[in-house]
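The next block is target-v5.pdb, given as PDB, C-alpha atoms.
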ATOM      1  CA  MET O  15      90.451  34.042  81.752
ATOM      2  CA  LEU O  16      91.728  37.091  79.871
ATOM      3  CA  ASN O  17      94.544  39.442  80.721
ATOM      4  CA  LEU O  18      93.278  42.979  81.135
ATOM      5  CA  SER O  19      96.206  44.236  79.041
ATOM      6  CA  CYS O  20      94.950  42.261  75.994
ATOM      7  CA  VAL O  21      91.526  43.858  76.222
ATOM      8  CA  VAL O  22      93.005  47.340  76.707
ATOM      9  CA  ASN O  23      95.177  46.723  73.649
ATOM     10  CA  ALA O  24      92.075  45.792  71.628
ATOM     11  CA  PHE O  25      90.185  48.891  72.823
ATOM     12  CA  SER O  26      93.176  51.050  71.892
ATOM     13  CA  LYS O  27      92.798  49.947  68.258
ATOM     14  CA  ILE O  28      89.328  51.465  67.942
ATOM     15  CA  SER O  29      89.216  54.306  65.448
ATOM     16  CA  GLU O  30      86.994  55.602  62.700
ATOM     17  CA  ASP O  31      86.158  53.183  59.867
ATOM     18  CA  VAL O  32      87.381  50.005  61.616
ATOM     19  CA  ASP O  33      85.722  47.098  63.365
ATOM     20  CA  VAL O  34      87.638  45.491  66.206
ATOM     21  CA  TYR O  35      86.759  41.957  67.279
ATOM     22  CA  LEU O  36      87.988  40.470  70.558
ATOM     23  CA  ASN O  37      88.345  36.758  71.118
ATOM     24  CA  LYS O  38      86.899  36.353  74.627
ATOM     25  CA  ASN O  39      88.842  33.119  75.162
ATOM     26  CA  THR O  40      92.314  34.111  74.014
ATOM     27  CA  GLY O  41      92.345  37.926  74.138
ATOM     28  CA  LYS O  42      93.406  38.040  70.483
ATOM     29  CA  SER O  43      91.962  40.994  68.586
ATOM     30  CA  ILE O  44      91.234  41.321  64.895
ATOM     31  CA  VAL O  45      90.942  44.701  63.196
ATOM     32  CA  ILE O  46      88.924  44.912  60.000
ATOM     33  CA  TYR O  47      89.212  48.108  58.012
ATOM     34  CA  GLY O  48      86.103  49.359  56.216
ATOM     35  CA  ASN O  49      87.525  49.249  52.701
ATOM     36  CA  ASP O  50      90.075  46.482  53.168
ATOM     37  CA  LYS O  51      89.642  43.890  50.433
ATOM     38  CA  PHE O  52      92.458  41.787  51.930
ATOM     39  CA  SER O  53      90.597  40.966  55.155
ATOM     40  CA  GLN O  54      89.207  37.637  53.904
ATOM     41  CA  ASN O  55      91.382  35.598  56.309
ATOM     42  CA  ALA O  56      90.163  37.718  59.220
ATOM     43  CA  PHE O  57      86.544  37.277  58.133
ATOM     44  CA  ASN O  58      87.077  33.524  57.879
ATOM     45  CA  GLU O  59      88.584  33.405  61.386
ATOM     46  CA  ILE O  60      85.618  35.293  62.851
ATOM     47  CA  GLU O  61      83.022  33.194  60.964
ATOM     48  CA  THR O  62      84.697  29.925  61.953
ATOM     49  CA  ASN O  63      84.831  30.878  65.653
ATOM     50  CA  PHE O  64      81.809  33.200  65.739
ATOM     51  CA  ASP O  65      80.848  32.355  69.346
ATOM     52  CA  SER O  66      84.334  33.252  70.580
ATOM     53  CA  TYR O  67      84.434  36.791  69.169
ATOM     54  CA  LEU O  68      82.807  39.965  70.443
ATOM     55  CA  LEU O  69      82.573  43.104  68.353
ATOM     56  CA  LEU O  70      83.940  46.008  70.371
ATOM     57  CA  PRO O  71      82.004  49.276  70.278
ATOM     58  CA  ASN O  72      83.055  51.779  67.618
ATOM     59  CA  CYS O  73      84.152  55.401  68.152
ATOM     60  CA  HIS O  74      80.551  56.472  68.675
ATOM     61  CA  GLY O  75      79.915  53.585  71.054
ATOM     62  CA  ILE O  76      82.792  54.513  73.339
ATOM     63  CA  ASN O  77      82.020  58.204  72.812
ATOM     64  CA  ALA O  78      85.542  59.078  71.689
ATOM     65  CA  LYS O  79      84.634  62.757  71.473
ATOM     66  CA  ALA O  80      83.657  62.769  75.170
ATOM     67  CA  ILE O  81      87.002  61.165  76.067
ATOM     68  CA  MET O  82      88.762  63.891  74.119
ATOM     69  CA  ALA O  83      86.679  66.558  75.869
ATOM     70  CA  ARG O  84      87.635  65.112  79.274
ATOM     71  CA  TYR O  85      91.283  65.325  78.239
ATOM     72  CA  VAL O  86      90.851  68.968  77.230
ATOM     73  CA  GLU O  87      89.568  69.715  80.743
ATOM     74  CA  THR O  88      92.961  68.631  82.128
ATOM     75  CA  ILE O  89      94.810  71.332  80.155
ATOM     76  CA  ASP O  90      95.793  74.342  82.274
ATOM     77  CA  ASN O  91      96.538  76.802  79.467
ATOM     78  CA  ASP O  92      93.353  78.607  78.357
ATOM     79  CA  SER O  93      94.575  79.476  74.866
ATOM     80  CA  ILE O  94      95.609  75.866  74.177
ATOM     81  CA  LYS O  95      92.331  74.639  75.647
ATOM     82  CA  TYR O  96      90.454  76.986  73.278
ATOM     83  CA  GLU O  97      92.284  75.477  70.267
ATOM     84  CA  PHE O  98      91.219  71.989  71.348
ATOM     85  CA  ILE O  99      87.612  73.066  71.879
ATOM     86  CA  SER O 100      87.599  74.569  68.371
ATOM     87  CA  ALA O 101      88.968  71.295  67.001
ATOM     88  CA  LEU O 102      86.286  69.250  68.775
ATOM     89  CA  ASN O 103      83.558  71.521  67.398
ATOM     90  CA  SER O 104      84.840  71.265  63.829
ATOM     91  CA  ASP O 105      83.493  69.111  60.996
ATOM     92  CA  LYS O 106      86.216  66.467  61.561
ATOM     93  CA  PRO O 107      86.772  66.524  65.331
ATOM     94  CA  CYS O 108      88.993  63.432  65.639
ATOM     95  CA  ALA O 109      91.389  64.447  62.875
ATOM     96  CA  LYS O 110      91.557  68.079  64.010
ATOM     97  CA  PHE O 111      92.025  66.985  67.637
ATOM     98  CA  MET O 112      95.032  64.874  66.601
ATOM     99  CA  ASP O 113      96.453  67.774  64.555
ATOM    100  CA  THR O 114      96.138  70.033  67.606
ATOM    101  CA  LEU O 115      97.877  67.428  69.779
ATOM    102  CA  PHE O 116     100.830  67.312  67.404
ATOM    103  CA  HIS O 117     100.918  71.097  67.073
ATOM    104  CA  PHE O 118     101.239  71.615  70.836
ATOM    105  CA  GLY O 119     103.437  68.559  71.476
ATOM    106  CA  LEU O 120     100.894  66.902  73.768
ATOM    107  CA  ARG O 121     100.813  63.472  72.130
ATOM    108  CA  ASP O 122     102.445  61.669  75.082
ATOM    109  CA  SER O 123     100.125  63.333  77.564
ATOM    110  CA  TRP O 124      97.106  62.304  75.454
ATOM    111  CA  ASN O 125      98.357  58.731  75.083
ATOM    112  CA  GLU O 126      98.690  58.386  78.854
ATOM    113  CA  PHE O 127      95.218  59.839  79.413
ATOM    114  CA  LYS O 128      93.661  57.671  76.684
ATOM    115  CA  TYR O 129      95.359  54.542  78.065
ATOM    116  CA  ASN O 130      93.756  55.106  81.467
ATOM    117  CA  GLU O 131      90.378  55.666  79.776
ATOM    118  CA  MET O 132      90.811  52.405  77.827
ATOM    119  CA  ILE O 133      91.492  50.540  81.086
ATOM    120  CA  ASP O 134      88.210  51.818  82.491
ATOM    121  CA  LEU O 135      86.284  50.952  79.294
ATOM    122  CA  SER O 136      87.829  47.482  79.165
ATOM    123  CA  ILE O 137      86.855  46.701  82.745
ATOM    124  CA  ARG O 138      83.282  47.893  82.192
ATOM    125  CA  PHE O 139      83.077  45.879  78.953
ATOM    126  CA  MET O 140      84.247  42.663  80.623
ATOM    127  CA  ASN O 141      81.958  43.182  83.596
ATOM    128  CA  TYR O 142      79.026  43.688  81.213
ATOM    129  CA  TYR O 143      79.789  40.443  79.358
ATOM    130  CA  GLN O 144      80.712  38.693  82.623
ATOM    131  CA  ILE O 145      84.174  37.789  81.390
ATOM    132  CA  ASP O 146      86.716  36.856  84.043
ATOM    133  CA  TYR O 147      90.008  38.665  83.739
ATOM    134  CA  ILE O 148      93.377  39.047  85.411
ATOM    135  CA  ASP O 149      94.466  42.588  86.185
ATOM    136  CA  ASP O 150      98.006  42.415  84.830
ATOM    137  CA  ILE O 151      98.366  46.170  84.399
ATOM    138  CA  THR O 152     100.544  48.159  86.710
ATOM    139  CA  VAL O 153     100.002  51.825  86.096
ATOM    140  CA  PRO O 154     103.248  53.643  86.804
ATOM    141  CA  LYS O 155     103.045  56.284  89.490
ATOM    142  CA  LYS O 156     103.718  59.790  88.344
ATOM    143  CA  SER O 157     106.656  61.601  89.818
ATOM    144  CA  PHE O 158     106.304  65.059  91.227
ATOM    145  CA  THR O 159     108.907  67.570  92.265
ATOM    146  CA  ILE O 160     107.782  69.401  95.362
ATOM    147  CA  GLU O 161     109.598  72.611  96.100
ATOM    148  CA  VAL O 162     109.239  73.895  99.639
ATOM    149  CA  ILE O 163     109.911  77.565 100.162
ATOM    150  CA  LYS O 164     110.546  78.632 103.747
ATOM    151  CA  THR O 165     109.781  82.196 104.674
ATOM    152  CA  ILE O 166     111.124  83.379 107.996
ATOM    153  CA  LYS O 167     110.010  86.728 109.263
ATOM    154  CA  LYS O 168     112.644  88.361 111.413
ATOM    155  CA  GLU O 169     113.533  91.984 111.862
ATOM    156  CA  TYR O 170     117.007  93.309 112.600
ATOM    157  CA  LYS O 171     117.439  96.782 114.099
ATOM    158  CA  ILE O 172     120.864  98.043 113.172
ATOM    159  CA  LYS O 173     122.245 101.432 114.034
ATOM    160  CA  ALA O 174     124.852 102.594 111.550
ATOM    161  CA  ASP O 175     126.199 105.775 110.024
ATOM    162  CA  SER O 176     125.382 104.748 106.422
ATOM    163  CA  LYS O 177     123.274 102.272 104.500
ATOM    164  CA  GLU O 178     126.434 100.492 103.382
ATOM    165  CA  ASP O 179     127.612 100.058 106.978
ATOM    166  CA  ALA O 180     124.146  98.776 107.964
ATOM    167  CA  LEU O 181     124.209  96.169 105.153
ATOM    168  CA  ASN O 182     127.703  95.034 106.120
ATOM    169  CA  GLU O 183     126.650  94.618 109.731
ATOM    170  CA  LEU O 184     123.517  92.731 108.618
ATOM    171  CA  ASN O 185     125.638  90.316 106.571
ATOM    172  CA  GLU O 186     127.801  89.607 109.641
ATOM    173  CA  LEU O 187     124.691  88.964 111.761
ATOM    174  CA  LEU O 188     123.216  86.609 109.158
ATOM    175  CA  GLU O 189     126.435  84.588 108.989
ATOM    176  CA  LYS O 190     126.319  84.031 112.758
ATOM    177  CA  ASP O 191     122.528  83.558 113.020
ATOM    178  CA  ASP O 192     120.932  80.128 112.681
ATOM    179  CA  LEU O 193     117.880  80.889 110.584
ATOM    180  CA  ASN O 194     116.632  77.306 110.946
ATOM    181  CA  SER O 195     116.027  77.828 114.656
ATOM    182  CA  TYR O 196     113.044  80.097 113.978
ATOM    183  CA  GLU O 197     109.514  78.936 113.334
ATOM    184  CA  PHE O 198     108.238  79.189 109.812
ATOM    185  CA  VAL O 199     105.774  81.972 109.243
ATOM    186  CA  LYS O 200     104.792  80.659 105.847
ATOM    187  CA  VAL O 201     105.511  77.478 103.888
ATOM    188  CA  GLU O 202     104.673  77.372 100.211
ATOM    189  CA  LYS O 203     104.495  74.066  98.399
ATOM    190  CA  ILE O 204     104.811  74.292  94.661
ATOM    191  CA  VAL O 205     104.122  71.058  92.790
ATOM    192  CA  LYS O 206     105.760  70.805  89.387
TER     193      LYS O 206
END
Any chance you could put this one into structure tokens?
Amino acid sequence: MLNLSCVVNAFSKISEDVDVYLNKNTGKSIVIYGNDKFSQNAFNEIETNFDSYLLLPNCHGINAKAIMARYVETIDNDSIKYEFISALNSDKPCAKFMDTLFHFGLRDSWNEFKYNEMIDLSIRFMNYYQIDYIDDITVPKKSFTIEVIKTIKKEYKIKADSKEDALNELNELLEKDDLNSYEFVKVEKIVK
């Protein structure tokens, strides 16, 4: 039985010009680079235990560009989103996407998004090959700051000789008044 984290780790190694093999018994993954002449030991391991290894899908198989496009949809800023869309429509979408991530400082956000995508891919992969696994991944909950703004509508009618006198009298009234005793007219919740 495999740990889900091992499979997610193997899926996270998928990139252009590499083959990633997963040992379905141990969870060990082997990465073979397209032009790597020093991979003979890895080839020998896979040939010796051929029935134990599964070749993971490549970038096209997992549709890496679609994963990137789903990430772009999570971006709130239209001008930044446009830069990512341009990168994905370029001649080298993966490389340009990564350049755009670094340019806007969104690498951590992408890594978190990609990690969750790799969990989903790993589960579907193991279900397809009917491999039993242990879900040993605890995805940390995000923290949110919720700011509650209370708006109380209350009118004060003050008779005074000048605006300055009226403001002074209002300040005295506000010091004595318990604003929390009134019902809220409006409550805004701003999630940051």
Listed atoms of region 105-114 of chain O boxed axis-aligned with 3 Å per side, centre + edges as JSON:
{"center_x": 90.0, "center_y": 66.7, "center_z": 64.3, "size_x": 19.0, "size_y": 12.6, "size_z": 12.6}
Within 8 Å of Ala24 (chain O) using all atoms listed in the file, minus same-chain residues under 2 positions, as a list in words: Cys20, Val21, Val22, Ser26, Lys27, Ile28, Val34, Tyr35, Leu36, Lys42 and Ser43 of chain O
Next on the checklist: So that I can see what lies close to region 92-107 of chain O, please list as a ChimeraX atom specification the residues with an atom at most 10 Å from it, counting only C-alpha atoms and leaving out residues fewer than 6 positions away in the same chain.
Outcome noted: /O:78-80,82-83,85-86,113-115,118
Once you have the residues from the selection above, write them out as a PDB file, keeping the file's coordinate frame, restricted to C-alpha atoms.
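Printed below is part_37.pdb as written:
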ATOM      1  CA  ALA O  78      85.542  59.078  71.689  1.00  0.00           C
ATOM      2  CA  LYS O  79      84.634  62.757  71.473  1.00  0.00           C
ATOM      3  CA  ALA O  80      83.657  62.769  75.170  1.00  0.00           C
ATOM      4  CA  MET O  82      88.762  63.891  74.119  1.00  0.00           C
ATOM      5  CA  ALA O  83      86.679  66.558  75.869  1.00  0.00           C
ATOM      6  CA  TYR O  85      91.283  65.325  78.239  1.00  0.00           C
ATOM      7  CA  VAL O  86      90.851  68.968  77.230  1.00  0.00           C
ATOM      8  CA  ASP O 113      96.453  67.774  64.555  1.00  0.00           C
ATOM      9  CA  THR O 114      96.138  70.033  67.606  1.00  0.00           C
ATOM     10  CA  LEU O 115      97.877  67.428  69.779  1.00  0.00           C
ATOM     11  CA  PHE O 118     101.239  71.615  70.836  1.00  0.00           C
TER      12      PHE O 118
END
Next on the checklist: Show me, as an MDAnalysis selection string, the residues that have an atom within 9 Å of region 127-135 of chain O when counting only C-alpha atoms, minus same-chain residues fewer than 4 positions from it.
Outcome noted: chainID O and resid 18:19 21:23 25:26 76 81:82 85 122:123 139:140 151 153
| Can you list, as a list in words, the residues that the PyMOL selection byres ((chain O and resi 60-65) around 12) selects here? |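 What the PyMOL selection byres ((chain O and resi 60-65) around 12) grabs from the file is Asp33, Val34, Tyr35, Leu36, Asn37, Lys38, Asn39, Thr40, Lys42, Ser43, Ile44, Val45, Ile46, Ser53, Gln54, Asn55, Ala56, Phe57, Asn58, Glu59, Ser66, Tyr67, Leu68 and Leu69 of chain O.
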message = Using the chain letters and numbers from this file, what does the PyMOL selection byres ((chain O and resi 147) around 9) select? Give the answer as a VMD selection string.
response = chain O and resid 15 to 18 137 140 145 to 146 148 to 150
Nearest to His74 (chain O), restricted to only C-alpha atoms and choosing among O:Ala174, O:Ile89, O:Ala180, O:Val32, comes out as O:Val32
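Note that CA of Thr88 (chain O) and CA of Asn125 (chain O) are 13.3 Å apart.
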Students should find that CA of Gly75 (chain O) and CA of Ser29 (chain O) are spaced 10.9 Å
Separating CA of Glu87 (chain O) from CA of Pro71 (chain O), to the nearest tenth of an Å, is a gap of 24.2 Å
Produce region 131-149 of chain O of the given structure as output with N, CA and C atoms, as a PDB file, in the first residue's frame.
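Writing done, so here's part.pdb:
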ATOM      1  N   GLU O 131      -3.428  20.280  -7.244  1.00  0.00           N
ATOM      2  CA  GLU O 131      -3.721  19.624  -8.521  1.00  0.00           C
ATOM      3  C   GLU O 131      -3.033  18.255  -8.587  1.00  0.00           C
ATOM      4  N   MET O 132      -1.795  18.179  -8.083  1.00  0.00           N
ATOM      5  CA  MET O 132      -1.056  16.915  -8.095  1.00  0.00           C
ATOM      6  C   MET O 132      -1.706  15.880  -7.173  1.00  0.00           C
ATOM      7  N   ILE O 133      -2.302  16.333  -6.082  1.00  0.00           N
ATOM      8  CA  ILE O 133      -3.040  15.408  -5.205  1.00  0.00           C
ATOM      9  C   ILE O 133      -4.194  14.788  -5.974  1.00  0.00           C
ATOM     10  N   ASP O 134      -4.946  15.615  -6.672  1.00  0.00           N
ATOM     11  CA  ASP O 134      -6.084  15.135  -7.448  1.00  0.00           C
ATOM     12  C   ASP O 134      -5.636  14.167  -8.546  1.00  0.00           C
ATOM     13  N   LEU O 135      -4.578  14.523  -9.282  1.00  0.00           N
ATOM     14  CA  LEU O 135      -4.058  13.640 -10.337  1.00  0.00           C
ATOM     15  C   LEU O 135      -3.577  12.313  -9.768  1.00  0.00           C
ATOM     16  N   SER O 136      -2.901  12.371  -8.640  1.00  0.00           N
ATOM     17  CA  SER O 136      -2.366  11.153  -8.015  1.00  0.00           C
ATOM     18  C   SER O 136      -3.487  10.203  -7.612  1.00  0.00           C
ATOM     19  N   ILE O 137      -4.535  10.749  -7.039  1.00  0.00           N
ATOM     20  CA  ILE O 137      -5.664   9.919  -6.611  1.00  0.00           C
ATOM     21  C   ILE O 137      -6.332   9.274  -7.824  1.00  0.00           C
ATOM     22  N   ARG O 138      -6.545  10.071  -8.882  1.00  0.00           N
ATOM     23  CA  ARG O 138      -7.162   9.508 -10.087  1.00  0.00           C
ATOM     24  C   ARG O 138      -6.274   8.437 -10.718  1.00  0.00           C
ATOM     25  N   PHE O 139      -4.965   8.658 -10.713  1.00  0.00           N
ATOM     26  CA  PHE O 139      -4.011   7.701 -11.267  1.00  0.00           C
ATOM     27  C   PHE O 139      -4.072   6.379 -10.503  1.00  0.00           C
ATOM     28  N   MET O 140      -4.056   6.462  -9.177  1.00  0.00           N
ATOM     29  CA  MET O 140      -4.083   5.228  -8.372  1.00  0.00           C
ATOM     30  C   MET O 140      -5.422   4.515  -8.480  1.00  0.00           C
ATOM     31  N   ASN O 141      -6.497   5.273  -8.563  1.00  0.00           N
ATOM     32  CA  ASN O 141      -7.804   4.637  -8.756  1.00  0.00           C
ATOM     33  C   ASN O 141      -7.859   3.932 -10.104  1.00  0.00           C
ATOM     34  N   TYR O 142      -7.284   4.538 -11.135  1.00  0.00           N
ATOM     35  CA  TYR O 142      -7.280   3.934 -12.466  1.00  0.00           C
ATOM     36  C   TYR O 142      -6.522   2.610 -12.456  1.00  0.00           C
ATOM     37  N   TYR O 143      -5.361   2.594 -11.793  1.00  0.00           N
ATOM     38  CA  TYR O 143      -4.545   1.375 -11.741  1.00  0.00           C
ATOM     39  C   TYR O 143      -4.906   0.484 -10.558  1.00  0.00           C
ATOM     40  N   GLN O 144      -5.944   0.843  -9.847  1.00  0.00           N
ATOM     41  CA  GLN O 144      -6.449   0.075  -8.698  1.00  0.00           C
ATOM     42  C   GLN O 144      -5.338  -0.209  -7.685  1.00  0.00           C
ATOM     43  N   ILE O 145      -4.635   0.842  -7.338  1.00  0.00           N
ATOM     44  CA  ILE O 145      -3.559   0.757  -6.351  1.00  0.00           C
ATOM     45  C   ILE O 145      -4.100   1.274  -5.022  1.00  0.00           C
ATOM     46  N   ASP O 146      -3.969   0.471  -3.988  1.00  0.00           N
ATOM     47  CA  ASP O 146      -4.389   0.900  -2.655  1.00  0.00           C
ATOM     48  C   ASP O 146      -3.390   1.913  -2.117  1.00  0.00           C
ATOM     49  N   TYR O 147      -3.912   2.901  -1.420  1.00  0.00           N
ATOM     50  CA  TYR O 147      -3.040   3.938  -0.880  1.00  0.00           C
ATOM     51  C   TYR O 147      -3.564   4.426   0.459  1.00  0.00           C
ATOM     52  N   ILE O 148      -2.651   5.030   1.205  1.00  0.00           N
ATOM     53  CA  ILE O 148      -2.977   5.653   2.488  1.00  0.00           C
ATOM     54  C   ILE O 148      -2.922   7.161   2.280  1.00  0.00           C
ATOM     55  N   ASP O 149      -3.981   7.838   2.652  1.00  0.00           N
ATOM     56  CA  ASP O 149      -4.002   9.295   2.528  1.00  0.00           C
ATOM     57  C   ASP O 149      -3.273   9.892   3.729  1.00  0.00           C
TER      58      ASP O 149
END
